[in-house]
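Engineer: Just input-v8.cif, nothing more (mmCIF, C-alpha atoms):
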data_target
#
loop_
_atom_site.label_atom_id
_atom_site.label_comp_id
_atom_site.auth_asym_id
_atom_site.auth_seq_id
_atom_site.Cartn_x
_atom_site.Cartn_y
_atom_site.Cartn_z
CA MET A 1 4.66 25.64 5.66
CA ASN A 2 2.66 28.83 6.24
CA LYS A 3 -0.56 29.18 8.19
CA ILE A 4 -2.94 28.92 5.26
CA GLU A 5 -1.20 25.76 4.03
CA ASP A 6 -1.51 24.37 7.54
CA VAL A 7 -5.26 25.01 7.45
CA ILE A 8 -5.56 23.44 4.00
CA MET A 9 -3.71 20.34 5.17
CA LYS A 10 -6.14 19.97 8.06
CA VAL A 11 -9.10 20.52 5.73
CA MET A 12 -7.81 17.74 3.47
CA THR A 13 -7.11 15.19 6.19
CA GLU A 14 -9.24 16.01 9.24
CA PRO A 15 -12.95 15.86 8.43
CA ASP A 16 -14.00 17.14 11.85
CA PHE A 17 -11.80 20.22 11.42
CA ALA A 18 -13.21 20.80 7.95
CA GLU A 19 -16.75 20.54 9.27
CA ALA A 20 -16.03 23.02 12.07
CA LEU A 21 -14.34 25.40 9.63
CA LEU A 22 -17.27 25.41 7.23
CA ALA A 23 -19.74 25.80 10.10
CA SER A 24 -17.91 28.68 11.82
CA PRO A 25 -15.30 30.00 9.40
CA GLU A 26 -14.51 33.29 11.13
CA ALA A 27 -13.98 31.70 14.54
CA VAL A 28 -11.89 28.78 13.28
CA LEU A 29 -9.76 30.96 11.00
CA GLN A 30 -9.14 33.37 13.87
CA SER A 31 -8.02 30.51 16.10
CA GLU A 32 -5.60 29.51 13.32
CA GLY A 33 -4.25 33.06 13.09
CA ILE A 34 -5.75 33.83 9.68
CA GLU A 35 -7.86 36.83 8.78
CA ALA A 36 -11.28 35.81 7.47
CA THR A 37 -11.28 37.89 4.30
CA PRO A 38 -14.25 37.93 1.90
CA GLU A 39 -12.15 36.03 -0.66
CA ILE A 40 -11.37 33.23 1.76
CA LEU A 41 -14.96 33.07 3.01
CA GLN A 42 -16.16 32.88 -0.60
CA VAL A 43 -13.91 29.87 -1.30
CA LEU A 44 -15.00 28.16 1.90
CA SER A 45 -18.66 28.66 1.04
CA ASN A 46 -18.12 26.58 -2.11
CA LEU A 47 -16.60 23.60 -0.25
CA LYS A 48 -18.77 20.63 0.67
CA VAL A 49 -18.19 18.68 3.88
CA GLU A 50 -19.02 15.32 2.34
CA GLU A 51 -16.53 15.76 -0.52
CA LEU A 52 -13.85 16.75 1.97
CA ARG A 53 -14.67 13.69 4.06
CA VAL A 54 -14.27 11.43 1.02
CA MET A 55 -10.89 13.00 0.26
CA ALA A 56 -9.73 12.59 3.85
CA GLU A 57 -10.67 8.91 3.81
CA LYS A 58 -8.56 8.35 0.69
CA PHE A 59 -5.56 9.97 2.33
CA THR A 60 -5.96 8.04 5.57
CA ASN A 61 -4.98 4.86 3.70
CA GLN A 62 -5.35 2.46 6.61
CA GLY A 63 -5.84 -1.25 6.39
CA ILE A 64 -4.26 -1.76 2.98
CA ALA A 65 -1.90 -4.73 2.90
CA MET A 66 1.45 -4.21 1.17
CA MET B 1 -11.43 -18.82 -9.88
CA ASP B 2 -13.23 -15.87 -8.32
CA SER B 3 -13.10 -13.54 -5.35
CA THR B 4 -15.31 -15.93 -3.35
CA PHE B 5 -12.66 -18.64 -3.62
CA SER B 6 -9.91 -16.23 -2.64
CA MET B 7 -11.95 -14.97 0.31
CA SER B 8 -12.77 -18.49 1.52
CA VAL B 9 -9.17 -19.78 1.36
CA THR B 10 -7.89 -16.61 3.08
CA THR B 11 -10.48 -16.93 5.85
CA ALA B 12 -9.63 -20.61 6.22
CA ALA B 13 -5.88 -19.90 6.34
CA ILE B 14 -6.24 -17.29 9.08
CA SER B 15 -8.60 -19.54 11.08
CA ARG B 16 -6.11 -22.40 10.72
CA LEU B 17 -3.23 -20.19 11.82
CA ILE B 18 -5.07 -18.97 14.92
CA ALA B 19 -6.28 -22.50 15.72
CA ASP B 20 -2.70 -23.78 15.47
CA ILE B 21 -1.47 -21.03 17.80
CA ARG B 22 -4.29 -21.82 20.20
CA GLN B 23 -3.29 -25.49 20.20
CA PHE B 24 0.46 -25.01 20.61
CA ALA B 25 0.56 -21.78 22.63
CA PRO B 26 -2.84 -21.10 24.20
CA GLY B 27 -1.38 -18.43 26.46
CA MET B 28 -0.70 -16.04 23.60
CA ALA B 29 -3.44 -17.05 21.17
CA ASP B 30 -5.86 -14.29 22.13
CA ARG B 31 -3.19 -11.60 21.94
CA ALA B 32 -1.96 -12.92 18.58
CA ALA B 33 -5.49 -12.98 17.19
CA ALA B 34 -6.11 -9.45 18.51
CA TRP B 35 -2.96 -8.23 16.75
CA MET B 36 -3.85 -9.92 13.46
CA ASN B 37 -7.41 -8.61 13.52
CA GLY B 38 -6.26 -5.18 14.67
CA LEU B 39 -4.30 -4.56 11.46
CA THR B 40 -7.53 -3.60 9.69
CA PRO B 41 -10.07 -0.96 10.77
CA THR B 42 -12.84 -3.55 10.37
CA GLY B 43 -11.25 -5.79 13.03
CA ARG B 44 -11.35 -8.83 10.72
CA ALA B 45 -7.96 -10.13 9.60
CA THR B 46 -9.35 -11.45 6.30
CA ASP B 47 -10.42 -7.96 5.22
CA TYR B 48 -6.80 -6.88 5.36
CA PHE B 49 -5.83 -9.17 2.51
CA GLN B 50 -9.06 -8.74 0.55
CA HIS B 51 -9.09 -4.93 0.47
CA PRO B 52 -9.66 -3.80 -3.14
CA LEU B 53 -6.56 -1.58 -2.92
CA ALA B 54 -4.36 -4.31 -1.38
CA PHE B 55 -1.34 -5.71 -3.18
CA PRO B 56 -2.65 -8.95 -4.77
CA MET B 57 -0.04 -11.22 -3.18
CA LEU B 58 -2.58 -13.99 -2.52
CA LEU B 59 -4.17 -13.72 -5.95
CA LEU B 60 -1.02 -13.76 -8.08
CA PRO B 61 -0.22 -17.45 -7.43
CA MET B 62 -3.79 -18.30 -8.45
CA TRP B 63 -3.43 -16.34 -11.67
CA VAL B 64 -0.09 -18.03 -12.35
CA GLU B 65 -1.55 -21.49 -11.83
CA ASP B 66 -4.51 -20.66 -14.05
CA ALA B 67 -2.13 -19.36 -16.75
CA VAL B 68 0.24 -22.34 -16.73
CA SER B 69 -2.22 -25.19 -16.14
CA GLY B 70 -5.69 -23.89 -16.94
CA GLN B 71 -6.92 -25.05 -13.55
CA ILE B 72 -6.82 -24.24 -9.86
CA ASP B 73 -5.80 -26.91 -7.37
CA ALA B 74 -7.81 -25.74 -4.35
CA ALA B 75 -5.80 -27.71 -1.77
CA PHE B 76 -2.49 -26.47 -3.19
CA GLN B 77 -3.66 -22.86 -3.26
CA SER B 78 -4.98 -23.17 0.29
CA ASP B 79 -1.52 -24.22 1.42
CA LEU B 80 0.09 -21.37 -0.50
CA VAL B 81 -2.26 -18.84 1.09
CA TYR B 82 -1.58 -20.30 4.53
CA SER B 83 2.15 -19.94 3.94
CA SER B 84 1.85 -16.42 2.50
CA VAL B 85 -0.37 -15.16 5.31
CA SER B 86 2.05 -16.61 7.87
CA GLY B 87 5.00 -15.06 6.04
CA TYR B 88 3.23 -11.72 5.87
CA TYR B 89 2.67 -11.65 9.62
CA PHE B 90 6.31 -12.60 10.16
CA ILE B 91 7.52 -9.65 8.09
CA ARG B 92 4.88 -7.22 9.33
CA MET B 93 5.60 -7.82 12.99
CA ILE B 94 9.32 -7.27 12.51
CA ASP B 95 8.67 -4.11 10.48
CA ASN B 96 6.31 -2.74 13.11
CA VAL B 97 8.66 -3.45 15.98
CA MET B 98 11.53 -1.84 14.03
CA ASP B 99 9.23 1.19 13.60
CA GLU B 100 8.85 1.31 17.39
CA GLY B 101 5.59 -0.61 17.35
CA SER B 102 3.05 -1.03 20.10
CA PRO B 103 3.67 -2.81 23.41
CA LEU B 104 1.41 -5.60 22.12
CA GLU B 105 3.67 -6.13 19.11
CA ARG B 106 6.82 -6.11 21.21
CA SER B 107 5.29 -8.64 23.59
CA LEU B 108 4.48 -10.91 20.64
CA LEU B 109 7.88 -10.64 18.94
CA PRO B 110 8.84 -14.27 19.72
CA MET B 111 5.82 -15.26 17.61
CA THR B 112 7.82 -14.36 14.51
CA GLY B 113 9.60 -17.70 14.77
CA TYR B 114 6.28 -19.47 14.65
CA PHE B 115 5.02 -17.44 11.70
CA HIS B 116 8.21 -18.07 9.76
CA ALA B 117 8.09 -21.79 10.49
CA GLN B 118 4.52 -22.00 9.21
CA ALA B 119 5.47 -20.07 6.08
CA THR B 120 8.40 -22.40 5.41
CA THR B 121 7.28 -25.87 6.38
CA THR B 122 4.25 -25.73 4.10
CA TYR B 123 6.59 -26.00 1.11
CA HIS B 124 8.29 -29.12 2.48
CA ARG B 125 5.18 -31.03 1.48
CA TYR B 126 5.78 -30.17 -2.14
CA PHE B 127 9.53 -29.89 -2.69
CA GLU B 128 12.49 -32.05 -1.70
CA HIS B 129 15.32 -30.15 -0.05
CA THR B 130 17.39 -30.34 -3.26
CA HIS B 131 14.65 -28.89 -5.45
CA PRO B 132 15.54 -25.62 -7.31
CA PHE B 133 12.56 -23.99 -5.62
CA TRP B 134 14.56 -23.66 -2.42
CA GLY B 135 17.20 -21.55 -4.12
CA HIS B 136 14.55 -18.97 -5.00
CA PHE B 137 13.07 -19.26 -1.52
CA ALA B 138 16.42 -18.55 0.14
CA ARG B 139 17.21 -15.61 -2.16
CA TRP B 140 13.90 -13.81 -1.68
CA ASN B 141 13.71 -14.61 2.01
CA THR B 142 17.10 -12.95 2.48
CA GLN B 143 16.24 -9.99 0.24
CA SER B 144 13.13 -9.40 2.31
CA ALA B 145 15.26 -9.10 5.45
CA ASP B 146 17.70 -6.88 3.56
CA PHE B 147 14.87 -4.54 2.64
CA ALA B 148 13.65 -4.27 6.24
CA ILE B 149 17.10 -3.09 7.24
CA GLU B 150 17.69 -0.77 4.28
CA ASP B 151 14.19 0.75 4.42
CA SER B 152 14.72 2.18 7.87
CA SER B 153 17.92 3.93 6.83
CA ASN B 154 17.04 5.26 3.37
CA ARG B 155 16.50 9.02 3.34
CA GLU B 156 16.98 10.00 -0.31
CA ILE B 157 15.00 8.05 -2.88
CA ASP B 158 15.39 8.71 -6.59
CA LEU B 159 13.65 6.69 -9.31
CA ALA B 160 16.45 4.12 -9.62
CA THR B 161 16.56 3.59 -5.85
CA PHE B 162 12.78 3.36 -5.73
CA GLN B 163 12.67 0.73 -8.48
CA ARG B 164 15.30 -1.26 -6.63
CA ILE B 165 13.72 -1.14 -3.17
CA ALA B 166 9.96 -1.08 -3.93
CA GLY B 167 10.15 -4.61 -5.29
CA LYS B 168 12.09 -5.78 -2.27
CA LYS B 169 9.36 -4.71 0.10
CA VAL B 170 7.07 -7.45 -1.17
CA VAL B 171 9.79 -9.72 -2.57
CA ALA B 172 8.66 -12.61 -0.36
CA GLY B 173 5.45 -12.67 -2.38
CA LYS B 174 7.44 -14.15 -5.26
CA ILE B 175 7.92 -17.35 -3.29
CA PRO B 176 4.43 -18.81 -3.91
CA ILE B 177 4.71 -17.78 -7.58
CA ALA B 178 7.90 -19.82 -7.89
CA ALA B 179 6.16 -22.62 -6.00
CA VAL B 180 3.37 -22.77 -8.57
CA LEU B 181 5.80 -22.76 -11.48
CA ALA B 182 7.99 -25.38 -9.80
CA HIS B 183 4.92 -27.50 -9.02
CA TYR B 184 4.12 -27.60 -12.74
CA ASN B 185 7.77 -27.89 -13.83
CA GLN B 186 7.64 -24.50 -15.54
CA LEU B 187 10.27 -22.49 -13.69
CA ASP B 188 11.48 -21.27 -17.10
CA ARG B 189 8.47 -18.91 -17.05
CA LEU B 190 9.60 -17.33 -13.78
CA PRO B 191 11.60 -14.40 -15.28
CA ALA B 192 8.54 -13.05 -17.10
CA TRP B 193 6.35 -13.26 -14.00
CA GLU B 194 9.11 -11.84 -11.83
CA ALA B 195 9.56 -8.84 -14.12
CA PHE B 196 5.84 -8.17 -13.99
CA TYR B 197 5.82 -8.59 -10.22
CA ASP B 198 8.63 -6.06 -9.77
CA GLN B 199 6.83 -3.52 -11.95
CA LEU B 200 3.53 -4.08 -10.11
CA SER B 201 5.37 -3.61 -6.79
CA CYS B 202 6.59 -0.19 -7.94
CA TRP B 203 3.12 0.83 -9.07
CA HIS B 204 1.56 -0.27 -5.81
CA GLN B 205 4.23 1.42 -3.71
CA LEU B 206 3.80 4.71 -5.56
CA LEU B 207 0.04 4.50 -4.95
CA ASN B 208 0.77 3.99 -1.25
CA ASP B 209 3.20 6.92 -1.33
CA VAL B 210 0.60 9.24 -2.87
CA LEU B 211 -2.16 8.20 -0.46
CA SER B 212 0.11 8.23 2.60
CA TRP B 213 1.70 11.64 2.01
CA LYS B 214 0.51 13.13 5.28
CA LYS B 215 1.64 10.22 7.44
CA ASP B 216 5.02 10.22 5.69
CA MET B 217 5.41 13.99 6.15
CA GLN B 218 4.45 13.81 9.82
CA HIS B 219 6.77 10.89 10.54
CA GLN B 220 9.47 12.33 8.28
CA SER B 221 9.51 9.01 6.43
CA ALA B 222 11.28 9.12 3.10
CA SER B 223 9.09 8.14 0.16
CA TYR B 224 9.82 8.38 -3.55
CA PHE B 225 6.76 10.63 -3.99
CA LEU B 226 7.86 13.15 -1.35
CA CYS B 227 11.53 12.98 -2.39
CA GLU B 228 10.43 13.77 -5.94
CA GLY B 229 8.50 16.73 -4.50
CA GLU B 230 11.62 18.02 -2.75
CA ARG B 231 13.45 17.88 -6.10
CA ARG B 232 10.63 19.47 -8.13
CA LYS B 233 9.29 22.17 -5.80
CA GLY B 234 9.97 25.78 -6.70
CA GLU B 235 12.40 28.10 -4.91
CA GLY B 236 10.87 29.10 -1.59
CA GLU B 237 7.96 26.72 -2.14
CA SER B 238 7.03 24.32 0.64
CA LEU B 239 6.68 20.61 -0.05
CA PHE B 240 2.97 20.84 0.68
CA GLY B 241 2.74 23.82 -1.67
CA TRP B 242 4.21 21.62 -4.42
CA LEU B 243 1.73 18.85 -3.62
CA LEU B 244 -1.16 21.28 -4.08
CA ARG B 245 0.26 22.97 -7.16
CA GLU B 246 1.21 19.88 -9.15
CA GLY B 247 2.35 17.05 -6.90
CA PHE B 248 -0.89 15.12 -6.57
CA ALA B 249 -1.60 15.53 -10.28
CA TRP B 250 1.95 14.35 -11.09
CA GLY B 251 1.59 11.31 -8.83
CA LEU B 252 -1.76 10.28 -10.30
CA ALA B 253 -0.56 10.83 -13.88
CA THR B 254 2.56 8.74 -13.21
CA LEU B 255 0.40 5.97 -11.78
CA GLU B 256 -1.74 6.03 -14.91
CA GLN B 257 1.32 5.82 -17.15
CA TRP B 258 2.85 2.97 -15.15
CA LEU B 259 -0.44 1.10 -15.23
CA ASN B 260 -0.42 1.30 -19.02
CA ASP B 261 3.10 -0.17 -18.96
CA LEU B 262 1.83 -2.99 -16.75
CA HIS B 263 -0.90 -3.81 -19.26
CA THR B 264 1.75 -4.12 -21.97
CA ARG B 265 3.93 -6.41 -19.87
CA ALA B 266 0.94 -8.51 -18.80
CA LEU B 267 0.17 -9.41 -22.42
CA ALA B 268 3.12 -11.82 -22.46
CA LEU B 269 1.76 -13.63 -19.40
CA ASP B 270 -1.47 -14.62 -21.13
CA SER B 271 -3.61 -14.37 -18.00
CA THR B 272 -7.22 -13.28 -18.38
CA PRO B 273 -7.82 -12.73 -14.63
CA LEU B 274 -4.64 -10.64 -14.43
CA THR B 275 -5.85 -8.46 -17.31
CA HIS B 276 -9.22 -8.08 -15.59
CA TYR B 277 -7.46 -7.12 -12.36
CA LEU B 278 -5.41 -4.41 -14.11
CA LEU B 279 -8.54 -3.05 -15.77
CA SER B 280 -10.33 -2.89 -12.42
CA ARG B 281 -7.34 -1.09 -10.85
CA GLY B 282 -7.46 1.36 -13.74
CA GLU B 283 -11.13 2.07 -13.07
CA LEU B 284 -10.42 2.56 -9.35
CA LEU B 285 -7.55 4.89 -10.17
CA LYS B 286 -9.70 6.92 -12.57
CA ALA B 287 -12.38 7.28 -9.88
CA GLN B 288 -9.74 8.41 -7.38
CA GLN B 289 -8.36 10.90 -9.89
CA LEU B 290 -11.82 12.42 -10.43
CA ASP B 291 -12.61 12.66 -6.71
CA MET B 292 -9.23 13.92 -5.59
CA THR B 293 -8.49 16.33 -8.43
CA ALA B 294 -11.75 18.23 -7.94
CA SER B 295 -11.44 18.39 -4.15
CA ILE B 296 -7.76 19.37 -4.16
CA SER B 297 -8.41 22.06 -6.75
CA ALA B 298 -11.25 23.43 -4.61
CA VAL B 299 -9.23 23.69 -1.38
CA ALA B 300 -6.14 24.98 -3.21
CA GLN B 301 -8.17 28.08 -4.10
CA LEU B 302 -7.75 29.07 -0.46
CA ILE B 303 -4.10 29.84 -1.22
CA ARG B 304 -5.01 32.19 -4.04
CA ALA B 305 -7.70 33.84 -1.90
CA HIS B 306 -5.19 34.27 0.92
CA ASP B 307 -2.45 35.56 -1.38
CA THR B 308 -4.84 38.04 -3.00
CA THR B 309 -5.33 39.61 0.41
CA LEU B 310 -1.59 39.78 1.04
CA VAL B 311 -0.63 41.13 -2.40
CA GLY B 312 -3.58 43.46 -2.81
CA GLY B 313 -3.10 45.05 0.57
CA GLU B 314 -6.78 45.14 1.28
CA PRO B 315 -9.48 42.73 0.24
CA THR B 316 -11.90 43.70 -2.50
#
Would you put the structure from the file into structure tokens?

Structural biologist:
Amino acid sequence: MNKIEDVIMKVMTEPDFAEALLASPEAVLQSEGIEATPEILQVLSNLKVEELRVMAEKFTNQGIAM
Amino acid sequence: MDSTFSMSVTTAAISRLIADIRQFAPGMADRAAAWMNGLTPTGRATDYFQHPLAFPMLLLPMWVEDAVSGQIDAAFQSDLVYSSVSGYYFIRMIDNVMDEGSPLERSLLPMTGYFHAQATTTYHRYFEHTHPFWGHFARWNTQSADFAIEDSSNREIDLATFQRIAGKKVVAGKIPIAAVLAHYNQLDRLPAWEAFYDQLSCWHQLLNDVLSWKKDMQHQSASYFLCEGERRKGEGESLFGWLLREGFAWGLATLEQWLNDLHTRALALDSTPLTHYLLSRGELLKAQQLDMTASISAVAQLIRAHDTTLVGGEPT
């Protein structure tokens, strides 16, 4: 898995990471070893923290009896 | 029959189980209760079985009784729930310990004998030892153990393997269904209910697979969903890349198709509450599809934005 996929996985499953990324994209991307290009910043600007949080909760899948 | 009844008998069964442990083994009662309550994020054991996404193992015997007799015997169903909850804890504790569970679970391992005894002895009130019910009980009880052993060693899961093992995971849940049919002398209807149960088990397991993809990837646990991804991903594509490109959409579409198949099979069972349940699961699935598809599509654009930079040489 490459670096951008690693970031996407965290965005999808770690709401706190997603919130930090959307708040400070350049700094967080740099710490992940990814260049903050205008294209990437444009995509990030369209993401919404609450929607990402809802998605992360679905993928946490805890407390479901099987 | 409604969710209030199911909730009340489940709450009563768990209270009875903890009270019995407190009476017979007061030294471990608090730890046992802490473990049972700790299985759900809410800290209430009842919520674990009443979660809207939970496998309906406590509801199915109620639907069966309603279908075959047109009534619900509250005392009988209370006993069935008590047995099923006890049996669930028996299986769950063994599974968790086999998965290198917590020190609390390992310290409580001897409790499995108690849970199994509670699950079993309940049925002695209803069936003589020569009753055909016990043949089904023994078969599914053994298959449940077989699954626990096979599950920890299975690394490659194709559709045929999945259909064979997904049903085994919850096979013990067939026991109260057979009990209801035996109670009303209608064991001839068991094959139809069993076929539905197996199909529902597969559907539920695939839903779990799709929702638990990250945990399974991190723990390198084999699931049908991720094994299918390994088979379907493109050359040089990562498994996660496949999930983003088509995997989640494939999983959700397969769930929708299998749910339609379940509706067809349920028609033969003539159970209104079962039909309502399938419809409600369909609505939940549709809502999940809408939420997840939009969000996944939005974050997947990061790959294209990243690749544009790499391919284009310099960003525009």

Engineer: Taking the file as shown, find all residues satisfying the PyMOL selection byres ((chain A) within 9 of (chain B)) and write them as a PyMOL selection string.

Structural biologist: chain A and resi 1-2+4-6+8-9+11-13+34-35+37-44+46-47+51-52+54-55+58-66

Engineer: So the first atom is atom CA of Lys233 of chain B and the second is atom CA of Leu252 of chain B; what is the distance between them in Å, to one decimal place?

Structural biologist: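 The value is 16.8 Å.
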
Engineer: Work out how far atom CA of Phe147 of chain B is from atom CA of Ala166 of chain B, in Å to one decimal.

Structural biologist: 8.9 Å

Engineer: Separation of atom CA of Leu206 of chain B and atom CA of Arg232 of chain B, in Å?

Structural biologist: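 Computed distance, atom CA of Leu206 of chain B to atom CA of Arg232 of chain B, equals 16.5 Å.
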
Engineer: For this structure, which residues satisfy the selection - the PyMOL selection byres ((chain A and resi 22-29) around 9) - when it is evaluated on the file as given? I want them as a compact mmCIF listing (two decimals) with C-alpha atoms, in the coordinates of the input.

Structural biologist:
# COMPACT_ATOMS: atom_id res chain seq x y z
CA VAL A 7 -5.26 25.01 7.45
CA PHE A 17 -11.80 20.22 11.42
CA ALA A 18 -13.21 20.80 7.95
CA GLU A 19 -16.75 20.54 9.27
CA ALA A 20 -16.03 23.02 12.07
CA LEU A 21 -14.34 25.40 9.63
CA GLN A 30 -9.14 33.37 13.87
CA SER A 31 -8.02 30.51 16.10
CA GLU A 32 -5.60 29.51 13.32
CA GLY A 33 -4.25 33.06 13.09
CA ILE A 34 -5.75 33.83 9.68
CA GLU A 35 -7.86 36.83 8.78
CA ALA A 36 -11.28 35.81 7.47
CA THR A 37 -11.28 37.89 4.30
CA LEU A 41 -14.96 33.07 3.01
CA LEU A 44 -15.00 28.16 1.90
CA SER A 45 -18.66 28.66 1.04
CA LEU A 47 -16.60 23.60 -0.25
CA LYS A 48 -18.77 20.63 0.67
CA VAL A 49 -18.19 18.68 3.88

Engineer: If we count all atoms listed in the file, what is near Gly113 of chain B at a cut-off of 12 Å, once residues fewer than 2 positions away on the same chain are taken out, given as a VMD selection string?

Structural biologist: chain B and resid 21 86 to 87 89 to 91 93 to 94 108 to 111 115 to 121

Engineer: Going by the chain IDs and residue numbers used in this file, which residues fall under the PyMOL selection byres ((chain B and resi 159) around 10)? Write them as an MDAnalysis selection string.

Structural biologist: chainID B and resid 157:158 160:165 202 224:225 227:228

Engineer: Just the selected residues (C-alpha atoms), exported as an mmCIF file, in the frame of the given file, please.

Structural biologist:
data_model
loop_
_atom_site.group_PDB
_atom_site.id
_atom_site.type_symbol
_atom_site.label_atom_id
_atom_site.label_comp_id
_atom_site.auth_asym_id
_atom_site.auth_seq_id
_atom_site.Cartn_x
_atom_site.Cartn_y
_atom_site.Cartn_z
ATOM 1 C CA ILE B 157 15.000 8.050 -2.880
ATOM 2 C CA ASP B 158 15.390 8.710 -6.590
ATOM 3 C CA ALA B 160 16.450 4.120 -9.620
ATOM 4 C CA THR B 161 16.560 3.590 -5.850
ATOM 5 C CA PHE B 162 12.780 3.360 -5.730
ATOM 6 C CA GLN B 163 12.670 0.730 -8.480
ATOM 7 C CA ARG B 164 15.300 -1.260 -6.630
ATOM 8 C CA ILE B 165 13.720 -1.140 -3.170
ATOM 9 C CA CYS B 202 6.590 -0.190 -7.940
ATOM 10 C CA TYR B 224 9.820 8.380 -3.550
ATOM 11 C CA PHE B 225 6.760 10.630 -3.990
ATOM 12 C CA CYS B 227 11.530 12.980 -2.390
ATOM 13 C CA GLU B 228 10.430 13.770 -5.940
#

Engineer: Looking at all atoms listed in the file, which of B:Ala266, B:Leu259, B:Ala13, B:Met62 is the one that sits closest to Gly282 of chain B?

Structural biologist: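 Closest to Gly282 of chain B of all the choices is B:Leu259.
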
Engineer: Counting only C-alpha atoms, figure out which residue out of B:Leu285, B:Leu17, B:Ala148, B:Leu226 gets nearest to Ala172 of chain B.

Structural biologist: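 Between B:Leu285, B:Leu17, B:Ala148, B:Leu226, the residue approaching Ala172 of chain B most closely is B:Ala148.
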
Engineer: Need to verify the contact set: Gln77 of chain B, 9 Å, only C-alpha atoms, exclusion of same-chain residues closer than 4 positions in sequence. Can you return it as a PDB file with C-alpha atoms, in the frame of the given file?

Structural biologist:
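Resulting contents of around-v5.pdb:
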ATOM      1  CA  VAL B   9      -9.170 -19.780   1.360  1.00  0.00           C
ATOM      2  CA  LEU B  58      -2.580 -13.990  -2.520  1.00  0.00           C
ATOM      3  CA  PRO B  61      -0.220 -17.450  -7.430  1.00  0.00           C
ATOM      4  CA  MET B  62      -3.790 -18.300  -8.450  1.00  0.00           C
ATOM      5  CA  GLU B  65      -1.550 -21.490 -11.830  1.00  0.00           C
ATOM      6  CA  ILE B  72      -6.820 -24.240  -9.860  1.00  0.00           C
ATOM      7  CA  ASP B  73      -5.800 -26.910  -7.370  1.00  0.00           C
ATOM      8  CA  VAL B  81      -2.260 -18.840   1.090  1.00  0.00           C
ATOM      9  CA  TYR B  82      -1.580 -20.300   4.530  1.00  0.00           C
ATOM     10  CA  VAL B 180       3.370 -22.770  -8.570  1.00  0.00           C
TER      11      VAL B 180
END

Engineer: Could you tell me which of B:Leu269, B:Leu262, B:Ala253, B:Ala195 comes closest to Lys286 of chain B if we count all atoms listed in the file?

Structural biologist: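 For Lys286 of chain B, the nearest of the candidates is B:Ala253.
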